[in-house]
Structure formats: structure tokens, C-alpha cells
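Here's the structure we're looking at; comments come further down.
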Amino acid sequence: MGPRSVTDVDSRNELVRLARSLHQRGFTRGTSGNLSVRVAGGMLVTPTNVSLGELRTDDLAMVSDAGEHLSGGRPSKEAFLHLAMYRARPQDHAAAHVHSTYATALSCLDDVDDDDVLPPLTAYFVMRVGRLVRLPYFAPGDHGLGETAERAAVSSRALLLANHGPIVSAPSLAQAVDAVEEVEETARLFFLLQGHAIRPLQPAQIAHLCAGRA
């Protein structure tokens, strides 16, 4: 895993700023949700049992690539999930996991395609997310989720944990946050459109967007 060309202070400040923003805008509640960013020697990850809205830079935990807690607060019990995303996607340097309302509701539905949960309703979903894959249910903190997530993340940067919520990885933390927000917004549109005939983007339109992203 290679670090991004930013300082530890930059990474800490950005992580705290974006974590607070997500909390203030209702993407997380209580002490739920966690964010991470890769740095030299491992990753910085938000701590367990701390509200993202009250996070401070000194609270952040430093965790090695092997999952060892090196310094800072006690890491989120889902730190292993972030490491699984990074192993599968070495091009990505940040990850965001939230329990946002509509995406979590989507994760509880019975009649959806686990390999492609949301239709391509908007260009922004296609460009920022691509494909959302739902994983089987695991209890919070169950390390069995790590192996399952790592396999799925090879082909998709966005995963939906059944009866839990989404996690998205990206090259930067800002991109990961944008993408997890896009998952929530598209899930909201999906529910608003129930009972209506839906006209998603067509394959040629999707191909054009993906060509522009390459």
C-alpha cells in the first residue's frame, strides 16, 4: 500500500472535517459510521464509540496494514473492513462507511439484485459509484465480513452491507465521501420512484460516461 503525497496533518484535518460534515448533514447518527485514509505505515481510522460530529484529530487511530493498533484512540471495530477494501483496491486510498437512512433501508429489501442493487438513475451515480453490490448479513464486528468484502471489492468500489449500510472506497477521501453520498441520494430516488415507470440511463449513455471517466 502506497501513501498519498500528503502529510499526516493534512490527512487528519481532512478526515475530521469530512467526518463532521457527514454527521452534521445526517449521514451518521450517534457513534455510527467510520472513515479512513491510507498514510505511510498503514491507515488513519476514526475511533470506536466516538460521534463523527465530535471528532478531534487526536482521537484518530493509527492502524498498520496488518490491523495492529499503533497509536491514538481505540480504532473502530470495523477497521478490518477498511483494510479489506484497500487490499482489494490498491488504487484507492480512502474509505467511508455510513448508516444513512435510505441506503440502509435499501440494504433490508428482499427483492433486489445483490450484484447490482441500484439502477443507473443518474449520471452522477454512474460516474461516482458505478455498481453497488450487496453482501450477506454479518453481525457488526464479525471479521468474516472482511474476506467477503475483499472478494467483492475487486470488481466494485461500492458495497452495501445487508441490514447495515454502505461502504465505498476511492482514490481520495473527498471522492469516497462524494460517492457514499451519491449512494444515499440514489437510494432515496429509488424509493421515491417506487410505483412509477422508471427510465434509467441506457447502455450507450453509461458507456459514454465511463469512457469520459477513464
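Each chain of the C-alpha cells is named A, B, ... in the order shown, its residues numbered from 1; ligands are numbered from 1 in display order.
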
Where does DSSP see strand (DSSP E) in segment 75-157 of chain A, if you list the residues as an MDAnalysis selection string? chainID A and resid 94:97 132:135

Give me the residues within 10 Å of segment 196-211 of chain A as a PyMOL selection string, counting only C-alpha atoms and dropping any in the same chain fewer than 6 places off. chain A and resi 119-124+126-127+130+190

If you keep C-alpha atoms, can you produce a file of those selected residues as a compact mmCIF listing (two decimals), in the first residue's frame?
# COMPACT_ATOMS: atom_id res chain seq x y z
CA PRO A 119 -30.43 1.07 -11.36
CA PRO A 120 -28.31 3.74 -13.11
CA LEU A 121 -30.75 6.57 -12.46
CA THR A 122 -28.32 9.48 -12.84
CA ALA A 123 -25.01 10.27 -14.50
CA TYR A 124 -23.53 11.10 -11.10
CA VAL A 126 -22.60 6.06 -12.76
CA MET A 127 -19.54 8.31 -12.51
CA GLY A 130 -20.69 2.64 -10.82
CA PHE A 190 -35.14 4.69 -5.91

Interatomic distance (Å, one decimal) between atom CA of Gly33 of chain A and atom CA of His99 of chain A: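 Those two atoms sit 6.1 Å apart.
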
Write out as a list of chain:residue names all residues of segment 27-128 of chain A that DSSP puts in alpha helix (DSSP H) for this structure's backbone. A:Ala79, A:Phe80, A:Leu81, A:His82, A:Leu83, A:Ala84, A:Met85, A:Tyr86, A:Arg87, A:Ala88, A:Thr101, A:Tyr102, A:Ala103, A:Thr104, A:Ala105, A:Leu106, A:Ser107, A:Ala123, A:Tyr124, A:Phe125, A:Val126, A:Met127, A:Arg128

Got time to write the residues from that selection, N, CA and C atoms, as a PDB file, in the first residue's frame?
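Dumped to selection00.pdb:
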ATOM      1  N   ALA A  79     -12.523  -1.465  11.480  1.00  0.00           N
ATOM      2  CA  ALA A  79     -11.278  -1.105  10.800  1.00  0.00           C
ATOM      3  C   ALA A  79     -10.851  -2.211   9.837  1.00  0.00           C
ATOM      4  N   PHE A  80     -11.094  -3.468  10.206  1.00  0.00           N
ATOM      5  CA  PHE A  80     -10.713  -4.590   9.342  1.00  0.00           C
ATOM      6  C   PHE A  80     -11.410  -4.516   7.988  1.00  0.00           C
ATOM      7  N   LEU A  81     -12.617  -3.936   7.963  1.00  0.00           N
ATOM      8  CA  LEU A  81     -13.359  -3.812   6.713  1.00  0.00           C
ATOM      9  C   LEU A  81     -12.669  -2.816   5.773  1.00  0.00           C
ATOM     10  N   HIS A  82     -12.181  -1.729   6.332  1.00  0.00           N
ATOM     11  CA  HIS A  82     -11.441  -0.755   5.531  1.00  0.00           C
ATOM     12  C   HIS A  82     -10.172  -1.384   4.966  1.00  0.00           C
ATOM     13  N   LEU A  83      -9.458  -2.151   5.781  1.00  0.00           N
ATOM     14  CA  LEU A  83      -8.246  -2.811   5.307  1.00  0.00           C
ATOM     15  C   LEU A  83      -8.563  -3.806   4.197  1.00  0.00           C
ATOM     16  N   ALA A  84      -9.703  -4.466   4.290  1.00  0.00           N
ATOM     17  CA  ALA A  84     -10.114  -5.400   3.235  1.00  0.00           C
ATOM     18  C   ALA A  84     -10.334  -4.662   1.917  1.00  0.00           C
ATOM     19  N   MET A  85     -10.946  -3.489   1.985  1.00  0.00           N
ATOM     20  CA  MET A  85     -11.156  -2.692   0.777  1.00  0.00           C
ATOM     21  C   MET A  85      -9.819  -2.304   0.157  1.00  0.00           C
ATOM     22  N   TYR A  86      -8.864  -1.921   0.980  1.00  0.00           N
ATOM     23  CA  TYR A  86      -7.557  -1.495   0.470  1.00  0.00           C
ATOM     24  C   TYR A  86      -6.776  -2.656  -0.136  1.00  0.00           C
ATOM     25  N   ARG A  87      -6.891  -3.830   0.444  1.00  0.00           N
ATOM     26  CA  ARG A  87      -6.201  -4.989  -0.140  1.00  0.00           C
ATOM     27  C   ARG A  87      -6.756  -5.295  -1.523  1.00  0.00           C
ATOM     28  N   ALA A  88      -8.073  -5.173  -1.660  1.00  0.00           N
ATOM     29  CA  ALA A  88      -8.704  -5.468  -2.949  1.00  0.00           C
ATOM     30  C   ALA A  88      -8.488  -4.365  -3.965  1.00  0.00           C
ATOM     31  N   THR A 101     -29.932   6.662   6.042  1.00  0.00           N
ATOM     32  CA  THR A 101     -31.280   6.100   6.147  1.00  0.00           C
ATOM     33  C   THR A 101     -31.729   5.328   4.917  1.00  0.00           C
ATOM     34  N   TYR A 102     -31.693   5.951   3.751  1.00  0.00           N
ATOM     35  CA  TYR A 102     -32.248   5.304   2.558  1.00  0.00           C
ATOM     36  C   TYR A 102     -31.380   4.149   2.084  1.00  0.00           C
ATOM     37  N   ALA A 103     -30.073   4.302   2.149  1.00  0.00           N
ATOM     38  CA  ALA A 103     -29.199   3.200   1.757  1.00  0.00           C
ATOM     39  C   ALA A 103     -29.349   2.018   2.704  1.00  0.00           C
ATOM     40  N   THR A 104     -29.515   2.292   3.990  1.00  0.00           N
ATOM     41  CA  THR A 104     -29.723   1.206   4.948  1.00  0.00           C
ATOM     42  C   THR A 104     -31.072   0.537   4.711  1.00  0.00           C
ATOM     43  N   ALA A 105     -32.094   1.329   4.415  1.00  0.00           N
ATOM     44  CA  ALA A 105     -33.395   0.746   4.074  1.00  0.00           C
ATOM     45  C   ALA A 105     -33.267  -0.150   2.844  1.00  0.00           C
ATOM     46  N   LEU A 106     -32.523   0.315   1.845  1.00  0.00           N
ATOM     47  CA  LEU A 106     -32.291  -0.484   0.638  1.00  0.00           C
ATOM     48  C   LEU A 106     -31.620  -1.806   0.990  1.00  0.00           C
ATOM     49  N   SER A 107     -30.708  -1.775   1.953  1.00  0.00           N
ATOM     50  CA  SER A 107     -29.974  -2.986   2.329  1.00  0.00           C
ATOM     51  C   SER A 107     -30.873  -4.037   2.961  1.00  0.00           C
ATOM     52  N   ALA A 123     -26.402  10.288 -14.040  1.00  0.00           N
ATOM     53  CA  ALA A 123     -25.013  10.268 -14.499  1.00  0.00           C
ATOM     54  C   ALA A 123     -24.056  10.275 -13.317  1.00  0.00           C
ATOM     55  N   TYR A 124     -24.429  10.976 -12.247  1.00  0.00           N
ATOM     56  CA  TYR A 124     -23.530  11.100 -11.104  1.00  0.00           C
ATOM     57  C   TYR A 124     -23.356   9.767 -10.382  1.00  0.00           C
ATOM     58  N   PHE A 125     -24.412   8.966 -10.338  1.00  0.00           N
ATOM     59  CA  PHE A 125     -24.286   7.641  -9.743  1.00  0.00           C
ATOM     60  C   PHE A 125     -23.331   6.780 -10.565  1.00  0.00           C
ATOM     61  N   VAL A 126     -23.480   6.838 -11.877  1.00  0.00           N
ATOM     62  CA  VAL A 126     -22.599   6.062 -12.755  1.00  0.00           C
ATOM     63  C   VAL A 126     -21.153   6.495 -12.594  1.00  0.00           C
ATOM     64  N   MET A 127     -20.910   7.797 -12.543  1.00  0.00           N
ATOM     65  CA  MET A 127     -19.538   8.308 -12.508  1.00  0.00           C
ATOM     66  C   MET A 127     -18.894   8.144 -11.134  1.00  0.00           C
ATOM     67  N   ARG A 128     -19.647   8.346 -10.065  1.00  0.00           N
ATOM     68  CA  ARG A 128     -19.062   8.339  -8.723  1.00  0.00           C
ATOM     69  C   ARG A 128     -19.124   6.988  -8.035  1.00  0.00           C
TER      70      ARG A 128
END

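Atom to atom, atom CA of Cys108 of chain A and atom CA of Glu185 of chain A stand 16.6 Å apart.
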
Leu173 of chain A: which residues within 8 Å, counting only C-alpha atoms, same-chain residues fewer than 3 positions away excluded, as a PDB file with C-alpha atoms, in the first residue's frame?
ATOM      1  CA  GLU A  14      -9.377  16.408   6.187  1.00  0.00           C
ATOM      2  CA  LEU A  15     -10.682  13.273   7.875  1.00  0.00           C
ATOM      3  CA  SER A  36     -10.292   6.009   6.991  1.00  0.00           C
ATOM      4  CA  VAL A  37      -7.430   7.276   4.881  1.00  0.00           C
ATOM      5  CA  HIS A  93      -6.561   5.480  -0.517  1.00  0.00           C
ATOM      6  CA  ALA A  94      -9.703   6.247   1.479  1.00  0.00           C
ATOM      7  CA  ALA A  95     -12.987   4.672   2.521  1.00  0.00           C
ATOM      8  CA  ALA A  96     -16.262   5.873   4.007  1.00  0.00           C
ATOM      9  CA  ALA A 170     -11.938   5.827  -3.641  1.00  0.00           C
ATOM     10  CA  ALA A 176     -15.119   8.418  -1.096  1.00  0.00           C
ATOM     11  CA  VAL A 177     -17.427  10.806   0.763  1.00  0.00           C
TER      12      VAL A 177
END

Å distance separating atom CA of Gly165 of chain A from atom CA of Ser71 of chain A, one decimal place: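 Atom CA of Ser71 of chain A lies at a distance of 27.5 Å from atom CA of Gly165 of chain A.
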
Need the shell around segment 57-59 of chain A: protein/DNA/RNA residues with any atom at most 12 Å away, counting only C-alpha atoms. Skip same-chain ones fewer than 5 positions apart. Format as a PDB file with C-alpha atoms, in the first residue's frame?
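See part-v6.pdb below for the written result:
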ATOM      1  CA  ASP A   8      -0.155  13.219   8.286  1.00  0.00           C
ATOM      2  CA  VAL A   9      -1.522  16.565   9.494  1.00  0.00           C
ATOM      3  CA  ASP A  10      -3.298  17.137   6.169  1.00  0.00           C
ATOM      4  CA  SER A  11      -4.877  13.691   6.341  1.00  0.00           C
ATOM      5  CA  ARG A  12      -6.011  14.137   9.935  1.00  0.00           C
ATOM      6  CA  ASN A  13      -7.539  17.549   9.297  1.00  0.00           C
ATOM      7  CA  GLU A  14      -9.377  16.408   6.187  1.00  0.00           C
ATOM      8  CA  LEU A  15     -10.682  13.273   7.875  1.00  0.00           C
ATOM      9  CA  VAL A  16     -12.067  15.227  10.834  1.00  0.00           C
ATOM     10  CA  ARG A  17     -13.594  17.908   8.601  1.00  0.00           C
ATOM     11  CA  LEU A  18     -15.404  15.431   6.356  1.00  0.00           C
ATOM     12  CA  ALA A  19     -16.496  13.220   9.257  1.00  0.00           C
ATOM     13  CA  ARG A  20     -18.096  16.208  10.974  1.00  0.00           C
ATOM     14  CA  LEU A  44      -5.802   6.569   9.975  1.00  0.00           C
ATOM     15  CA  VAL A  45      -9.297   5.491  11.008  1.00  0.00           C
ATOM     16  CA  THR A  46     -11.992   7.007  13.165  1.00  0.00           C
ATOM     17  CA  PRO A  47     -12.187   5.594  16.708  1.00  0.00           C
ATOM     18  CA  THR A  48     -14.875   3.423  18.224  1.00  0.00           C
ATOM     19  CA  ASN A  49     -17.662   4.918  20.377  1.00  0.00           C
ATOM     20  CA  VAL A  50     -16.965   8.496  19.270  1.00  0.00           C
ATOM     21  CA  SER A  51     -19.504  10.564  17.346  1.00  0.00           C
ATOM     22  CA  LEU A  52     -18.188  11.727  13.990  1.00  0.00           C
ATOM     23  CA  SER A  71      -1.391   4.792  18.256  1.00  0.00           C
ATOM     24  CA  GLY A  72      -4.299   7.102  19.009  1.00  0.00           C
ATOM     25  CA  GLY A  73      -7.778   6.172  20.133  1.00  0.00           C
ATOM     26  CA  ARG A  74      -9.144   2.652  20.027  1.00  0.00           C
ATOM     27  CA  PRO A  75      -9.955   2.043  16.348  1.00  0.00           C
ATOM     28  CA  SER A  76     -13.412   1.360  15.025  1.00  0.00           C
TER      29      SER A  76
END

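Proximity to Val63 of chain A at 7 Å, evaluated using only C-alpha atoms and with sequence-adjacent residues fewer than 6 positions away removed, yields Gly42, Met43, Leu44, His69 and Leu70 of chain A.
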
For segment 135-138 of chain A, list every protein, DNA or RNA residue within 9 Å, evaluated using only C-alpha atoms, and leave out those in the same chain fewer than 3 positions away; present the list as a list in words.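 Non-adjacent residues within range: Ser107, Asp114, Asp115, Gly141, Asp142, His143, Gly144, Leu145, Thr148, Ala149, Ala152, Leu159, Leu160, Leu161, Ala162, Asn163 and His164 of chain A.
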
Keeping only C-alpha atoms, write those residues as an mmCIF file, in the first residue's frame.
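This is the output file result20.cif:
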data_model
loop_
_atom_site.group_PDB
_atom_site.id
_atom_site.type_symbol
_atom_site.label_atom_id
_atom_site.label_comp_id
_atom_site.auth_asym_id
_atom_site.auth_seq_id
_atom_site.Cartn_x
_atom_site.Cartn_y
_atom_site.Cartn_z
ATOM 1 C CA SER A 107 -29.974 -2.986 2.329
ATOM 2 C CA ASP A 114 -27.413 -8.406 -4.959
ATOM 3 C CA ASP A 115 -24.880 -7.993 -7.773
ATOM 4 C CA GLY A 141 -17.531 -6.507 14.058
ATOM 5 C CA ASP A 142 -17.711 -10.033 12.581
ATOM 6 C CA HIS A 143 -14.359 -10.480 10.827
ATOM 7 C CA GLY A 144 -15.941 -12.943 8.411
ATOM 8 C CA LEU A 145 -17.187 -9.857 6.595
ATOM 9 C CA THR A 148 -16.364 -11.477 1.719
ATOM 10 C CA ALA A 149 -15.899 -7.741 1.232
ATOM 11 C CA ALA A 152 -16.486 -8.273 -3.845
ATOM 12 C CA LEU A 159 -20.587 -2.336 -1.242
ATOM 13 C CA LEU A 160 -23.894 -2.475 0.618
ATOM 14 C CA LEU A 161 -23.769 -4.500 3.832
ATOM 15 C CA ALA A 162 -27.092 -6.288 4.298
ATOM 16 C CA ASN A 163 -29.216 -4.803 7.102
ATOM 17 C CA HIS A 164 -26.365 -2.408 7.876
#

Please identify all polymer residues within 9 Å of Gly53 of chain A, counting only C-alpha atoms, omitting same-chain residues fewer than 4 positions from it, and present them as a PyMOL selection string. chain A and resi 16+19-24+28-31
